[in-house]
$ cat target16.pdb   # PDB, C-alpha atoms
ATOM      1  CA  MET A   1     -26.745  -4.949   5.756
ATOM      2  CA  CYS A   2     -30.120  -3.809   6.993
ATOM      3  CA  THR A   3     -33.421  -3.314   5.238
ATOM      4  CA  MET A   4     -35.425  -0.189   5.985
ATOM      5  CA  GLU A   5     -39.132  -0.315   5.321
ATOM      6  CA  VAL A   6     -40.953   2.985   5.194
ATOM      7  CA  GLY A   7     -44.741   3.117   5.288
ATOM      8  CA  SER A   8     -47.323   5.792   5.764
ATOM      9  CA  ALA A   9     -48.277   6.272   9.378
ATOM     10  CA  HIS A  10     -52.042   6.328  10.194
ATOM     11  CA  MET A  11     -53.313   9.895  10.335
ATOM     12  CA  PRO A  12     -56.369  10.685  12.497
ATOM     13  CA  GLY A  13     -59.644  11.129  10.638
ATOM     14  CA  GLY A  14     -62.118  13.987  11.178
ATOM     15  CA  CYS A  15     -64.259  16.533   9.433
ATOM     16  CA  GLY A  16     -61.991  16.467   6.413
ATOM     17  CA  LYS A  17     -62.897  12.845   5.626
ATOM     18  CA  GLN A  18     -65.132  13.675   2.647
ATOM     19  CA  GLN A  19     -62.538  16.055   1.242
ATOM     20  CA  ALA A  20     -59.858  13.367   1.630
ATOM     21  CA  GLN A  21     -62.026  10.849  -0.213
ATOM     22  CA  LYS A  22     -62.566  13.310  -3.035
ATOM     23  CA  GLU A  23     -58.843  13.962  -3.329
ATOM     24  CA  ALA A  24     -58.149  10.226  -3.254
ATOM     25  CA  SER A  25     -60.545   9.597  -6.153
ATOM     26  CA  GLN A  26     -58.753  12.244  -8.231
ATOM     27  CA  ALA A  27     -55.263  11.148  -7.279
ATOM     28  CA  PRO A  28     -53.101   9.049  -9.645
ATOM     29  CA  GLU A  29     -52.848   5.314  -9.104
ATOM     30  CA  THR A  30     -49.387   5.598  -7.587
ATOM     31  CA  PRO A  31     -49.369   5.993  -3.797
ATOM     32  CA  LYS A  32     -49.225   9.565  -2.606
ATOM     33  CA  PRO A  33     -46.684  10.278   0.145
ATOM     34  CA  THR A  34     -48.162  11.501   3.418
ATOM     35  CA  GLU A  35     -46.773  13.865   5.992
ATOM     36  CA  VAL A  36     -45.573  11.208   8.405
ATOM     37  CA  PHE A  37     -43.648   8.035   7.588
ATOM     38  CA  LEU A  38     -42.900   4.984   9.696
ATOM     39  CA  LEU A  39     -39.294   3.847   9.408
ATOM     40  CA  GLN A  40     -38.475   0.289  10.402
ATOM     41  CA  ALA A  41     -34.845  -0.822  10.147
ATOM     42  CA  PHE A  42     -34.274  -4.568  10.060
ATOM     43  CA  MET A  43     -31.092  -6.611  10.102
ATOM     44  CA  MET A  44     -30.777  -9.312   7.434
ATOM     45  CA  SER A  45     -31.581 -11.836  10.164
ATOM     46  CA  GLY A  46     -35.013 -10.211  10.456
ATOM     47  CA  ASN A  47     -34.383  -8.632  13.858
ATOM     48  CA  LEU A  48     -35.842  -5.140  14.211
ATOM     49  CA  VAL A  49     -33.102  -2.598  14.910
ATOM     50  CA  CYS A  50     -35.258   0.462  15.458
ATOM     51  CA  GLU A  51     -38.607   2.032  14.559
ATOM     52  CA  LEU A  52     -38.884   5.739  13.890
ATOM     53  CA  ARG A  53     -41.586   8.182  12.793
ATOM     54  CA  CYS A  54     -40.355  10.819  10.367
ATOM     55  CA  ARG A  55     -41.996  13.574   8.356
ATOM     56  CA  GLY A  56     -41.978  13.395   4.585
ATOM     57  CA  THR A  57     -39.564  16.312   4.513
ATOM     58  CA  THR A  58     -36.996  14.334   6.497
ATOM     59  CA  THR A  59     -33.787  13.972   4.515
ATOM     60  CA  MET A  60     -31.771  10.785   4.254
ATOM     61  CA  GLU A  61     -29.018  12.473   6.226
ATOM     62  CA  ALA A  62     -31.411  13.298   9.066
ATOM     63  CA  ALA A  63     -32.746   9.735   9.049
ATOM     64  CA  LYS A  64     -29.187   8.437   9.334
ATOM     65  CA  MET A  65     -28.541  10.702  12.311
ATOM     66  CA  ARG A  66     -31.642   9.410  14.096
ATOM     67  CA  ILE A  67     -30.699   5.796  13.409
ATOM     68  CA  ALA A  68     -27.217   6.576  14.720
ATOM     69  CA  ARG A  69     -28.682   7.894  17.987
ATOM     70  CA  HIS A  70     -31.005   4.904  18.406
ATOM     71  CA  CYS A  71     -28.713   2.097  17.206
ATOM     72  CA  GLY A  72     -25.190   3.387  17.649
ATOM     73  CA  ILE A  73     -24.389   2.942  13.924
ATOM     74  CA  PRO A  74     -22.354   5.997  12.848
ATOM     75  CA  ALA A  75     -24.191   8.030  10.222
ATOM     76  CA  HIS A  76     -21.150   8.182   7.939
ATOM     77  CA  ASN A  77     -21.145   4.380   7.824
ATOM     78  CA  GLN A  78     -24.743   4.181   6.577
ATOM     79  CA  ARG A  79     -25.853   4.038   2.941
ATOM     80  CA  PHE A  80     -29.450   3.932   1.682
ATOM     81  CA  LEU A  81     -29.783   1.920  -1.530
ATOM     82  CA  HIS A  82     -32.523   1.030  -3.956
ATOM     83  CA  ASP A  83     -31.886  -1.200  -6.981
ATOM     84  CA  GLY A  84     -28.149  -0.618  -6.626
ATOM     85  CA  GLU A  85     -28.512   3.184  -6.594
ATOM     86  CA  VAL A  86     -27.339   5.196  -3.610
ATOM     87  CA  LEU A  87     -29.997   7.587  -2.305
ATOM     88  CA  GLU A  88     -28.217  10.863  -1.685
ATOM     89  CA  ASP A  89     -28.265  12.477   1.758
ATOM     90  CA  ALA A  90     -30.105  15.567   0.497
ATOM     91  CA  ARG A  91     -33.112  13.599  -0.790
ATOM     92  CA  THR A  92     -36.236  13.508   1.343
ATOM     93  CA  LEU A  93     -38.548  10.582   1.995
ATOM     94  CA  GLU A  94     -41.248  12.393   0.008
ATOM     95  CA  SER A  95     -38.999  12.994  -2.995
ATOM     96  CA  CYS A  96     -38.011   9.334  -3.066
ATOM     97  CA  THR A  97     -41.628   8.179  -3.233
ATOM     98  CA  MET A  98     -42.521  10.710  -5.911
ATOM     99  CA  LEU A  99     -39.450  10.179  -8.088
ATOM    100  CA  ASP A 100     -39.525   6.380  -7.996
ATOM    101  CA  THR A 101     -42.858   4.716  -7.370
ATOM    102  CA  THR A 102     -41.209   1.284  -7.576
ATOM    103  CA  LEU A 103     -39.992   1.953  -4.072
ATOM    104  CA  PHE A 104     -43.516   1.100  -2.948
ATOM    105  CA  GLY A 105     -44.158  -2.462  -1.926
ATOM    106  CA  VAL A 106     -47.199  -4.197  -0.469
ATOM    107  CA  ASP A 107     -49.804  -1.893   1.097
ATOM    108  CA  GLY A 108     -47.926   1.251   0.093
ATOM    109  CA  MET A 109     -44.781   0.311   2.024
ATOM    110  CA  MET A 110     -41.650   1.952   0.662
ATOM    111  CA  VAL A 111     -38.673  -0.411   0.743
ATOM    112  CA  VAL A 112     -35.010   0.564   0.512
ATOM    113  CA  GLN A 113     -31.824  -0.928   1.923
ATOM    114  CA  LEU A 114     -29.634   0.441   4.671
ATOM    115  CA  VAL A 115     -26.058  -0.725   4.163
ATOM    116  CA  VAL A 116     -23.671  -0.341   7.076
ATOM    117  CA  ASN A 117     -20.030   0.236   6.145
ATOM    118  CA  GLY A 118     -17.976  -1.118   8.992
ATOM    119  CA  THR A 119     -14.258  -1.691   9.339
ATOM    120  CA  SER A 120     -13.123  -4.569   7.142
ATOM    121  CA  ASN A 121     -11.397  -7.680   8.447
ATOM    122  CA  ILE A 122      -8.355  -6.663   6.427
ATOM    123  CA  ALA A 123      -8.100  -3.346   8.283
ATOM    124  CA  ARG A 124      -8.592  -5.046  11.646
ATOM    125  CA  ASN A 125      -5.888  -7.614  10.897
ATOM    126  CA  VAL A 126      -3.456  -4.900   9.832
ATOM    127  CA  ARG A 127      -4.138  -3.021  13.068
ATOM    128  CA  GLU A 128      -3.411  -6.197  15.007
ATOM    129  CA  LEU A 129       0.110  -6.107  13.594
ATOM    130  CA  GLY A 130       0.706  -3.111  15.832
ATOM    131  CA  ARG A 131       0.641  -5.416  18.863
ATOM    132  CA  SER A 132       3.545  -7.504  17.591
ATOM    133  CA  ASP A 133       6.734  -7.625  19.653
ATOM    134  CA  ASP A 134       8.717  -7.299  16.440
ATOM    135  CA  PRO A 135       9.064  -3.551  15.721
ATOM    136  CA  ASP A 136       9.461  -4.186  11.976
ATOM    137  CA  ILE A 137       6.024  -5.882  11.955
ATOM    138  CA  ALA A 138       4.386  -3.577  14.502
ATOM    139  CA  ILE A 139       5.106  -0.486  12.424
ATOM    140  CA  ASP A 140       2.784  -1.821   9.700
ATOM    141  CA  GLY A 141      -0.084  -1.547  12.192
ATOM    142  CA  VAL A 142      -0.284   2.205  11.634
ATOM    143  CA  LEU A 143      -1.601   1.487   8.125
ATOM    144  CA  GLY A 144      -4.793  -0.033   9.522
ATOM    145  CA  ASP A 145      -6.695   3.257   9.318
ATOM    146  CA  LEU A 146      -5.811   3.644   5.624
ATOM    147  CA  VAL A 147      -6.611   0.152   4.364
ATOM    148  CA  ASP A 148     -10.344   0.599   3.720
ATOM    149  CA  THR A 149      -9.816   3.966   2.034
ATOM    150  CA  VAL A 150      -7.204   2.471  -0.280
ATOM    151  CA  LEU A 151      -9.413  -0.514  -1.101
ATOM    152  CA  ARG A 152     -12.333   1.747  -2.026
ATOM    153  CA  ALA A 153     -10.058   3.879  -4.225
ATOM    154  CA  GLU A 154      -8.685   0.787  -5.962
ATOM    155  CA  HIS A 155     -12.200  -0.500  -6.589
ATOM    156  CA  GLN A 156     -13.236   2.819  -8.153
ATOM    157  CA  LEU A 157     -10.141   2.820 -10.374
ATOM    158  CA  SER A 158     -10.749  -0.801 -11.359
ATOM    159  CA  GLU A 159     -14.332  -0.022 -12.385
ATOM    160  CA  LEU A 160     -13.175   3.008 -14.344
ATOM    161  CA  VAL A 161     -10.903   0.960 -16.636
ATOM    162  CA  ARG A 162     -12.621  -2.457 -16.637
ATOM    163  CA  PRO A 163     -13.774  -3.546 -20.132
ATOM    164  CA  LYS A 164     -17.521  -3.928 -19.687
ATOM    165  CA  GLY A 165     -18.934  -7.302 -20.687
ATOM    166  CA  GLY A 166     -16.141  -8.394 -23.035
ATOM    167  CA  THR A 167     -18.354  -8.316 -26.167
ATOM    168  CA  GLN A 168     -16.433  -5.570 -27.937
ATOM    169  CA  LEU A 169     -13.147  -7.213 -26.947
ATOM    170  CA  SER A 170     -14.170 -10.530 -28.500
ATOM    171  CA  ALA A 171     -15.252  -8.764 -31.675
ATOM    172  CA  ALA A 172     -11.923  -6.918 -32.014
ATOM    173  CA  LEU A 173      -9.486  -9.687 -31.086
ATOM    174  CA  GLY A 174     -11.506 -12.875 -31.462
ATOM    175  CA  ARG A 175     -12.176 -15.347 -28.647
ATOM    176  CA  GLY A 176     -10.046 -18.104 -30.143
ATOM    177  CA  LYS A 177      -7.068 -15.879 -30.880
ATOM    178  CA  ARG A 178      -7.240 -14.313 -27.447
ATOM    179  CA  ALA A 179      -7.432 -17.723 -25.743
ATOM    180  CA  GLU A 180      -4.325 -18.886 -27.637
ATOM    181  CA  LEU A 181      -2.531 -15.709 -26.598
ATOM    182  CA  VAL A 182      -3.426 -16.170 -22.923
ATOM    183  CA  HIS A 183      -2.379 -19.834 -23.091
ATOM    184  CA  TRP A 184       1.009 -18.859 -24.502
ATOM    185  CA  MET A 185       1.505 -16.196 -21.819
ATOM    186  CA  VAL A 186       0.694 -18.638 -19.014
ATOM    187  CA  GLN A 187       3.310 -21.080 -20.290
ATOM    188  CA  ALA A 188       5.978 -18.482 -21.092
ATOM    189  CA  PHE A 189       5.598 -16.470 -17.896
ATOM    190  CA  THR A 190       5.664 -19.625 -15.785
ATOM    191  CA  ALA A 191       8.949 -20.622 -17.430
ATOM    192  CA  LEU A 192      10.321 -17.127 -16.805
ATOM    193  CA  ARG A 193       9.156 -17.300 -13.160
ATOM    194  CA  PHE A 194       7.091 -14.129 -13.480
ATOM    195  CA  ASP A 195       4.794 -13.284 -10.596
ATOM    196  CA  ASP A 196       1.154 -14.085 -11.383
ATOM    197  CA  ALA A 197       0.356 -10.398 -10.899
ATOM    198  CA  ILE A 198       2.346  -9.583 -14.057
ATOM    199  CA  LEU A 199       0.320 -12.088 -16.094
ATOM    200  CA  HIS A 200      -2.986 -10.619 -14.933
ATOM    201  CA  SER A 201      -1.834  -7.037 -15.482
ATOM    202  CA  ILE A 202      -0.614  -7.746 -19.023
ATOM    203  CA  VAL A 203      -3.866  -9.503 -19.947
ATOM    204  CA  LEU A 204      -5.839  -6.536 -18.590
ATOM    205  CA  THR A 205      -3.686  -4.080 -20.548
ATOM    206  CA  LEU A 206      -4.154  -6.046 -23.779
ATOM    207  CA  ASP A 207      -7.896  -6.343 -23.238
ATOM    208  CA  ARG A 208      -8.259  -2.650 -22.496
ATOM    209  CA  TYR A 209      -6.279  -1.828 -25.625
ATOM    210  CA  TYR A 210      -8.298  -4.049 -27.953
ATOM    211  CA  THR A 211     -11.571  -2.910 -26.383
ATOM    212  CA  THR A 212     -10.820   0.500 -27.879
ATOM    213  CA  CYS A 213     -10.349  -1.064 -31.333
ATOM    214  CA  SER A 214     -13.131  -1.708 -33.827
ATOM    215  CA  ALA A 215     -14.090  -5.162 -35.088
ATOM    216  CA  SER A 216     -12.420  -4.400 -38.424
ATOM    217  CA  SER A 217      -9.099  -3.403 -36.842
ATOM    218  CA  ASP A 218      -5.909  -5.115 -37.973
ATOM    219  CA  THR A 219      -4.720  -7.592 -35.329
ATOM    220  CA  SER A 220      -1.548  -8.608 -37.141
ATOM    221  CA  ASN A 221       0.439  -6.435 -34.715
ATOM    222  CA  VAL A 222      -0.690  -8.409 -31.673
ATOM    223  CA  GLN A 223       2.870  -9.604 -31.016
ATOM    224  CA  SER A 224       4.191  -6.041 -30.888
ATOM    225  CA  VAL A 225       1.307  -4.942 -28.635
ATOM    226  CA  LEU A 226       1.988  -7.872 -26.300
ATOM    227  CA  LEU A 227       5.716  -7.096 -26.118
ATOM    228  CA  GLY A 228       4.915  -3.450 -25.422
ATOM    229  CA  ALA A 229       2.619  -4.464 -22.549
ATOM    230  CA  VAL A 230       5.278  -6.807 -21.145
ATOM    231  CA  CYS A 231       7.829  -3.989 -21.344
ATOM    232  CA  THR A 232       5.547  -1.669 -19.360
ATOM    233  CA  GLU A 233       4.818  -4.225 -16.646
ATOM    234  CA  MET A 234       8.489  -5.028 -16.099
ATOM    235  CA  LYS A 235       9.217  -1.343 -15.668
ATOM    236  CA  LEU A 236       6.348  -0.997 -13.183
ATOM    237  CA  ALA A 237       7.639  -3.987 -11.212
ATOM    238  CA  GLY A 238      10.721  -1.937 -10.346
ATOM    239  CA  ALA A 239      14.476  -2.082 -10.736
ATOM    240  CA  ASP A 240      14.868  -4.613  -7.916
ATOM    241  CA  GLU A 241      13.027  -7.286  -9.896
ATOM    242  CA  PHE A 242      13.953  -6.140 -13.405
ATOM    243  CA  PRO A 243      17.150  -4.072 -13.251
ATOM    244  CA  PRO A 244      18.349  -2.105 -16.290
ATOM    245  CA  GLY A 245      19.688  -4.472 -18.901
ATOM    246  CA  HIS A 246      17.789  -7.457 -17.523
ATOM    247  CA  TRP A 247      14.342  -6.469 -18.822
ATOM    248  CA  GLN A 248      15.832  -5.809 -22.251
ATOM    249  CA  ARG A 249      17.295  -9.337 -22.300
ATOM    250  CA  VAL A 250      13.954 -10.784 -21.211
ATOM    251  CA  LEU A 251      12.181  -9.050 -24.095
ATOM    252  CA  CYS A 252      14.785 -10.348 -26.519
ATOM    253  CA  HIS A 253      14.325 -13.867 -25.127
ATOM    254  CA  ILE A 254      10.525 -13.720 -25.420
ATOM    255  CA  CYS A 255      10.587 -12.685 -29.088
ATOM    256  CA  HIS A 256      13.645 -14.869 -29.897
ATOM    257  CA  GLY A 257      15.471 -11.755 -31.047
ATOM    258  CA  GLN A 258      13.125 -11.280 -34.000
ATOM    259  CA  VAL A 259      11.819  -7.833 -32.932
ATOM    260  CA  GLU A 260      14.072  -4.820 -32.426
ATOM    261  CA  LEU A 261      13.948  -3.109 -29.049
ATOM    262  CA  SER A 262      13.177   0.215 -30.747
ATOM    263  CA  SER A 263      10.102  -1.356 -32.360
ATOM    264  CA  ILE A 264       8.952  -2.742 -28.999
ATOM    265  CA  LEU A 265       9.338   0.673 -27.351
ATOM    266  CA  LYS A 266       7.356   2.261 -30.178
ATOM    267  CA  SER A 267       4.535  -0.265 -29.657
ATOM    268  CA  GLU A 268       4.675   0.382 -25.914
ATOM    269  CA  TYR A 269       4.165   4.094 -26.486
ATOM    270  CA  GLU A 270       1.221   3.456 -28.833
ATOM    271  CA  VAL A 271      -0.459   1.221 -26.247
ATOM    272  CA  LEU A 272       0.120   3.725 -23.433
ATOM    273  CA  ALA A 273      -1.189   6.603 -25.548
ATOM    274  CA  ARG A 274      -4.329   4.624 -26.416
ATOM    275  CA  LEU A 275      -4.900   3.964 -22.689
ATOM    276  CA  ASN A 276      -4.174   7.589 -21.717
ATOM    277  CA  PHE A 277      -1.059   6.350 -19.873
ATOM    278  CA  GLN A 278      -3.288   4.825 -17.199
ATOM    279  CA  VAL A 279      -1.567   1.562 -16.281
ATOM    280  CA  GLY A 280      -0.774  -0.381 -13.130
ATOM    281  CA  THR A 281      -4.497  -0.639 -12.402
ATOM    282  CA  PRO A 282      -5.870  -3.279  -9.968
ATOM    283  CA  THR A 283      -6.760  -6.710 -11.324
ATOM    284  CA  PRO A 284      -8.949  -9.451  -9.794
ATOM    285  CA  LEU A 285      -5.763 -11.017  -8.416
ATOM    286  CA  THR A 286      -4.942  -7.733  -6.673
ATOM    287  CA  PHE A 287      -8.228  -7.895  -4.761
ATOM    288  CA  ALA A 288      -7.926 -11.650  -4.108
ATOM    289  CA  ARG A 289      -4.583 -11.152  -2.398
ATOM    290  CA  GLN A 290      -5.925  -8.273  -0.365
ATOM    291  CA  LEU A 291      -9.019 -10.227   0.667
ATOM    292  CA  GLY A 292      -6.797 -13.127   1.674
ATOM    293  CA  ARG A 293      -5.187 -10.876   4.263
ATOM    294  CA  GLY A 294      -8.556 -10.692   5.982
ATOM    295  CA  ALA A 295      -8.403 -14.365   6.977
ATOM    296  CA  PRO A 296      -7.968 -14.857  10.751
ATOM    297  CA  ASP A 297      -5.442 -17.636  10.169
ATOM    298  CA  VAL A 298      -2.327 -17.018   8.057
ATOM    299  CA  GLU A 299      -2.232 -20.543   6.627
ATOM    300  CA  VAL A 300      -5.934 -20.447   5.785
ATOM    301  CA  GLY A 301      -5.467 -17.112   4.060
ATOM    302  CA  ARG A 302      -2.506 -18.420   2.074
ATOM    303  CA  GLY A 303      -4.472 -21.459   0.945
ATOM    304  CA  ALA A 304      -7.430 -19.287  -0.045
ATOM    305  CA  ILE A 305      -5.171 -17.046  -2.127
ATOM    306  CA  ASP A 306      -3.620 -20.046  -3.910
ATOM    307  CA  LEU A 307      -7.062 -21.421  -4.780
ATOM    308  CA  ALA A 308      -8.310 -18.013  -5.869
ATOM    309  CA  SER A 309      -5.216 -17.518  -8.059
ATOM    310  CA  PHE A 310      -5.879 -20.810  -9.839
ATOM    311  CA  LEU A 311      -9.556 -19.987 -10.470
ATOM    312  CA  LEU A 312      -8.772 -16.442 -11.603
ATOM    313  CA  GLU A 313      -6.209 -17.806 -14.036
ATOM    314  CA  LEU A 314      -8.913 -19.995 -15.558
ATOM    315  CA  ALA A 315     -11.203 -16.964 -15.802
ATOM    316  CA  LEU A 316      -8.593 -15.198 -17.941
ATOM    317  CA  PHE A 317      -9.550 -17.455 -20.858
ATOM    318  CA  ASP A 318     -13.170 -16.223 -20.899
ATOM    319  CA  PRO A 319     -13.523 -12.431 -21.321
ATOM    320  CA  ALA A 320     -17.282 -12.600 -20.720
ATOM    321  CA  LEU A 321     -16.651 -14.130 -17.290
ATOM    322  CA  GLN A 322     -13.611 -11.984 -16.604
ATOM    323  CA  TYR A 323     -15.399  -8.685 -17.135
ATOM    324  CA  CYS A 324     -19.098  -9.306 -16.501
ATOM    325  CA  ARG A 325     -18.800  -8.182 -12.872
ATOM    326  CA  ALA A 326     -16.618  -5.868 -10.822
ATOM    327  CA  HIS A 327     -13.153  -7.286 -10.288
ATOM    328  CA  VAL A 328     -13.556  -7.270  -6.528
ATOM    329  CA  LEU A 329     -16.669  -9.451  -6.884
ATOM    330  CA  LEU A 330     -14.835 -11.863  -9.182
ATOM    331  CA  ALA A 331     -12.047 -12.099  -6.621
ATOM    332  CA  GLY A 332     -14.456 -12.644  -3.731
ATOM    333  CA  GLY A 333     -16.565 -15.185  -5.613
TER
END

$ encode --input "target16.pdb" --output "C-alpha cells"
Amino acid sequence: MCTMEVGSAHMPGGCGKQQAQKEASQAPETPKPTEVFLLQAFMMSGNLVCELRCRGTTTMEAAKMRIARHCGIPAHNQRFLHDGEVLEDARTLESCTMLDTTLFGVDGMMVVQLVVNGTSNIARNVRELGRSDDPDIAIDGVLGDLVDTVLRAEHQLSELVRPKGGTQLSAALGRGKRAELVHWMVQAFTALRFDDAILHSIVLTLDRYYTTCSASSDTSNVQSVLLGAVCTEMKLAGADEFPPGHWQRVLCHICHGQVELSSILKSEYEVLARLNFQVGTPTPLTFARQLGRGAPDVEVGRGAIDLASFLLELALFDPALQYCRAHVLLAGG
C-alpha cells in the first residue's frame, strides 16, 4: 500500500496579485483547487516512490498511467482510496477536492491512498505446483492465473449475503437460544464426523434465514429449519460423501426419527425460497483454508489452518463478532 499526497504547486506571482487577493477574500473557507497539483506517492515505509506534477483536470486513470511509467506498477493494479471509498478512474483531481473537502490535510495537502493489487501468495504457490515432477500435481499449476479472480469473486459474494452486525439476528432468534443451537451442532456434527465446513455453512444458512425474520417471528420451528439446512448442505457436499440413501438416514438419526422426511424437505424448500436459493456461499472457514495455502511451508500452513478453525468455531457463538467485519478479515485476523 502506498499513500499519495497531492498539494497545490506554487504558481508564479505577477500583475494579477491584487486580483488574486480579492478572489481569495471572497472564496469559501475550503481550499480551492489550483491548476497544477503535486503528486507524491509514498510506500508505507515512508520511502518516496515518485513525484509528479499534474493539472487539476488530470483523471485518476491518467495519474495511474504516469505512476506506472515512473514506478513500474501496472495501472490496472492500482486503486486510489479515501475513507474506504474507491476513487473512480474518470474522476479528476479537481473534482475530488471540490466534492470532498475532507481530502485536504495540513496546508491544503490532499491525501488519498494508492493501493497496489499484486499477485497473492496463494496464486504464486499454486503456480509453483506447475514445476512439480508429478504430472497430477503439476497440472494444478495452470490454475494460478485464476486464483486471485476467484478469491475476489468469493469475497464479493460473501459480502452480498453476510448478515450485517448480527443485531437483527439476535433479536429474531435470541442470543441464548442461538448459542445452545450452535453448541448442539458442534457436538452432533463432531460425532457424525462432518467436515467443519458443513458446520460453518449450516450456521451461516440459519443466520441468514433468521436475519430475514422479524423479532416477533415464531421460532418454534427452529428444529425443522435446522434439519432443512442440514439436508441442503449434505446435497451440496456431493454424492461421494453423502450418497443417495445415506443422507436420508443421517437426517433420521439426527432427529431420532421424530420428523418425517417429507416435512424436512418442505422446511428445506421454505428456507431456500427465503434465501432466493442462494446457498453454498463462502464462510470465514472457506477463506481461512484458502489463506492457509499461501503459507510458504506446508506444515506451517496446516498448523495455521487448524488454529484458525478453532478460533472461528469459537466465533460462531457470538453473532456480533461473527458478522461485524467481512468474512475474509475474520479469517485473516

$ atom_distance --input "target16.pdb" --atom1 "atom CA of A:Glu233" --atom2 "atom CA of A:Ile202"
6.9 Å

$ atom_distance --input "target16.pdb" --atom1 "atom CA of A:Leu265" --atom2 "atom CA of A:Cys231"
7.8 Å

$ closest_atom_pairs --input "target16.pdb" --of "stretch 162-190 of chain A" --to "stretch 319-323 of chain A" --cutoff "9 Å" --atoms "all atoms listed in the file" --output "JSON lines"
{"residue": "A:Arg162", "atom": "CA", "partner": "A:Tyr323", "partner_atom": "CA", "distance": 6.8}
{"residue": "A:Pro163", "atom": "CA", "partner": "A:Tyr323", "partner_atom": "CA", "distance": 6.2}
{"residue": "A:Lys164", "atom": "CA", "partner": "A:Tyr323", "partner_atom": "CA", "distance": 5.8}
{"residue": "A:Gly165", "atom": "CA", "partner": "A:Tyr323", "partner_atom": "CA", "distance": 5.2}
{"residue": "A:Gly166", "atom": "CA", "partner": "A:Ala320", "partner_atom": "CA", "distance": 4.9}
{"residue": "A:Thr167", "atom": "CA", "partner": "A:Ala320", "partner_atom": "CA", "distance": 7.0}
{"residue": "A:Leu169", "atom": "CA", "partner": "A:Pro319", "partner_atom": "CA", "distance": 7.7}
{"residue": "A:Ser170", "atom": "CA", "partner": "A:Pro319", "partner_atom": "CA", "distance": 7.5}
{"residue": "A:Arg175", "atom": "CA", "partner": "A:Pro319", "partner_atom": "CA", "distance": 8.0}
{"residue": "A:Arg178", "atom": "CA", "partner": "A:Pro319", "partner_atom": "CA", "distance": 9.0}

$ write_last_selection --input "target16.pdb" --atoms "C-alpha atoms" --output "PDB file, in the coordinates of the input"
ATOM      1  CA  ARG A 162     -12.621  -2.457 -16.637  1.00  0.00           C
ATOM      2  CA  PRO A 163     -13.774  -3.546 -20.132  1.00  0.00           C
ATOM      3  CA  LYS A 164     -17.521  -3.928 -19.687  1.00  0.00           C
ATOM      4  CA  GLY A 165     -18.934  -7.302 -20.687  1.00  0.00           C
ATOM      5  CA  GLY A 166     -16.141  -8.394 -23.035  1.00  0.00           C
ATOM      6  CA  THR A 167     -18.354  -8.316 -26.167  1.00  0.00           C
ATOM      7  CA  LEU A 169     -13.147  -7.213 -26.947  1.00  0.00           C
ATOM      8  CA  SER A 170     -14.170 -10.530 -28.500  1.00  0.00           C
ATOM      9  CA  ARG A 175     -12.176 -15.347 -28.647  1.00  0.00           C
ATOM     10  CA  ARG A 178      -7.240 -14.313 -27.447  1.00  0.00           C
TER      11      ARG A 178
END

$ resolve_selection --input "target16.pdb" --expression "the PyMOL selection byres ((chain A and resi 313) around 12)" --output "VMD selection string"
chain A and resid 179 182 to 183 185 to 187 196 to 201 203 283 to 285 288 305 to 312 314 to 319 321 to 322 330 to 331

$ closest_residue --input "target16.pdb" --among "A:Lys235, A:Lys64, A:Arg152, A:Arg127" --to "A:Arg79" --atoms "all atoms listed in the file"
A:Lys64

$ residues_around --input "target16.pdb" --residues "stretch 266-278 of chain A" --least-positions-apart "5" --cutoff "7 Å" --atoms "all atoms listed in the file" --output "short mmCIF file (atom, residue, chain, number, x, y, z; two decimals) with C-alpha atoms, in the coordinates of the input"
data_model
loop_
_atom_site.label_atom_id
_atom_site.label_comp_id
_atom_site.auth_asym_id
_atom_site.auth_seq_id
_atom_site.Cartn_x
_atom_site.Cartn_y
_atom_site.Cartn_z
CA TYR A 209 -6.28 -1.83 -25.62
CA SER A 224 4.19 -6.04 -30.89
CA VAL A 225 1.31 -4.94 -28.64
CA GLY A 228 4.92 -3.45 -25.42
CA ALA A 229 2.62 -4.46 -22.55
CA THR A 232 5.55 -1.67 -19.36
#

$ closest_residue --input "target16.pdb" --among "A:Pro244, A:Leu143, A:Leu181, A:Gln258" --to "A:Leu226" --atoms "only C-alpha atoms"
A:Leu181

$ closest_residue --input "target16.pdb" --among "A:Leu52, A:Phe287, A:Ala304, A:Tyr210" --to "A:Ala153" --atoms "only C-alpha atoms"
A:Phe287

$ decode --input "target16.pdb" --residues "stretch 246-259 of chain A" --atoms "C-alpha atoms" --output "JSON list (two decimals), in the first residue's frame"
[["chain", "number", "residue", "atom", "x", "y", "z"],
["A", 246, "HIS", "CA", -27.17, -42.22, 3.26],
["A", 247, "TRP", "CA", -28.15, -38.57, 3.75],
["A", 248, "GLN", "CA", -31.73, -39.64, 4.44],
["A", 249, "ARG", "CA", -30.50, -42.00, 7.18],
["A", 250, "VAL", "CA", -28.35, -39.24, 8.65],
["A", 251, "LEU", "CA", -31.34, -36.91, 8.86],
["A", 252, "CYS", "CA", -33.38, -39.63, 10.53],
["A", 253, "HIS", "CA", -30.55, -40.21, 13.02],
["A", 254, "ILE", "CA", -30.22, -36.50, 13.85],
["A", 255, "CYS", "CA", -33.93, -36.08, 14.63],
["A", 256, "HIS", "CA", -34.23, -39.57, 16.23],
["A", 257, "GLY", "CA", -36.90, -40.42, 13.68],
["A", 258, "GLN", "CA", -39.32, -37.88, 15.14],
["A", 259, "VAL", "CA", -39.64, -35.75, 11.96]]
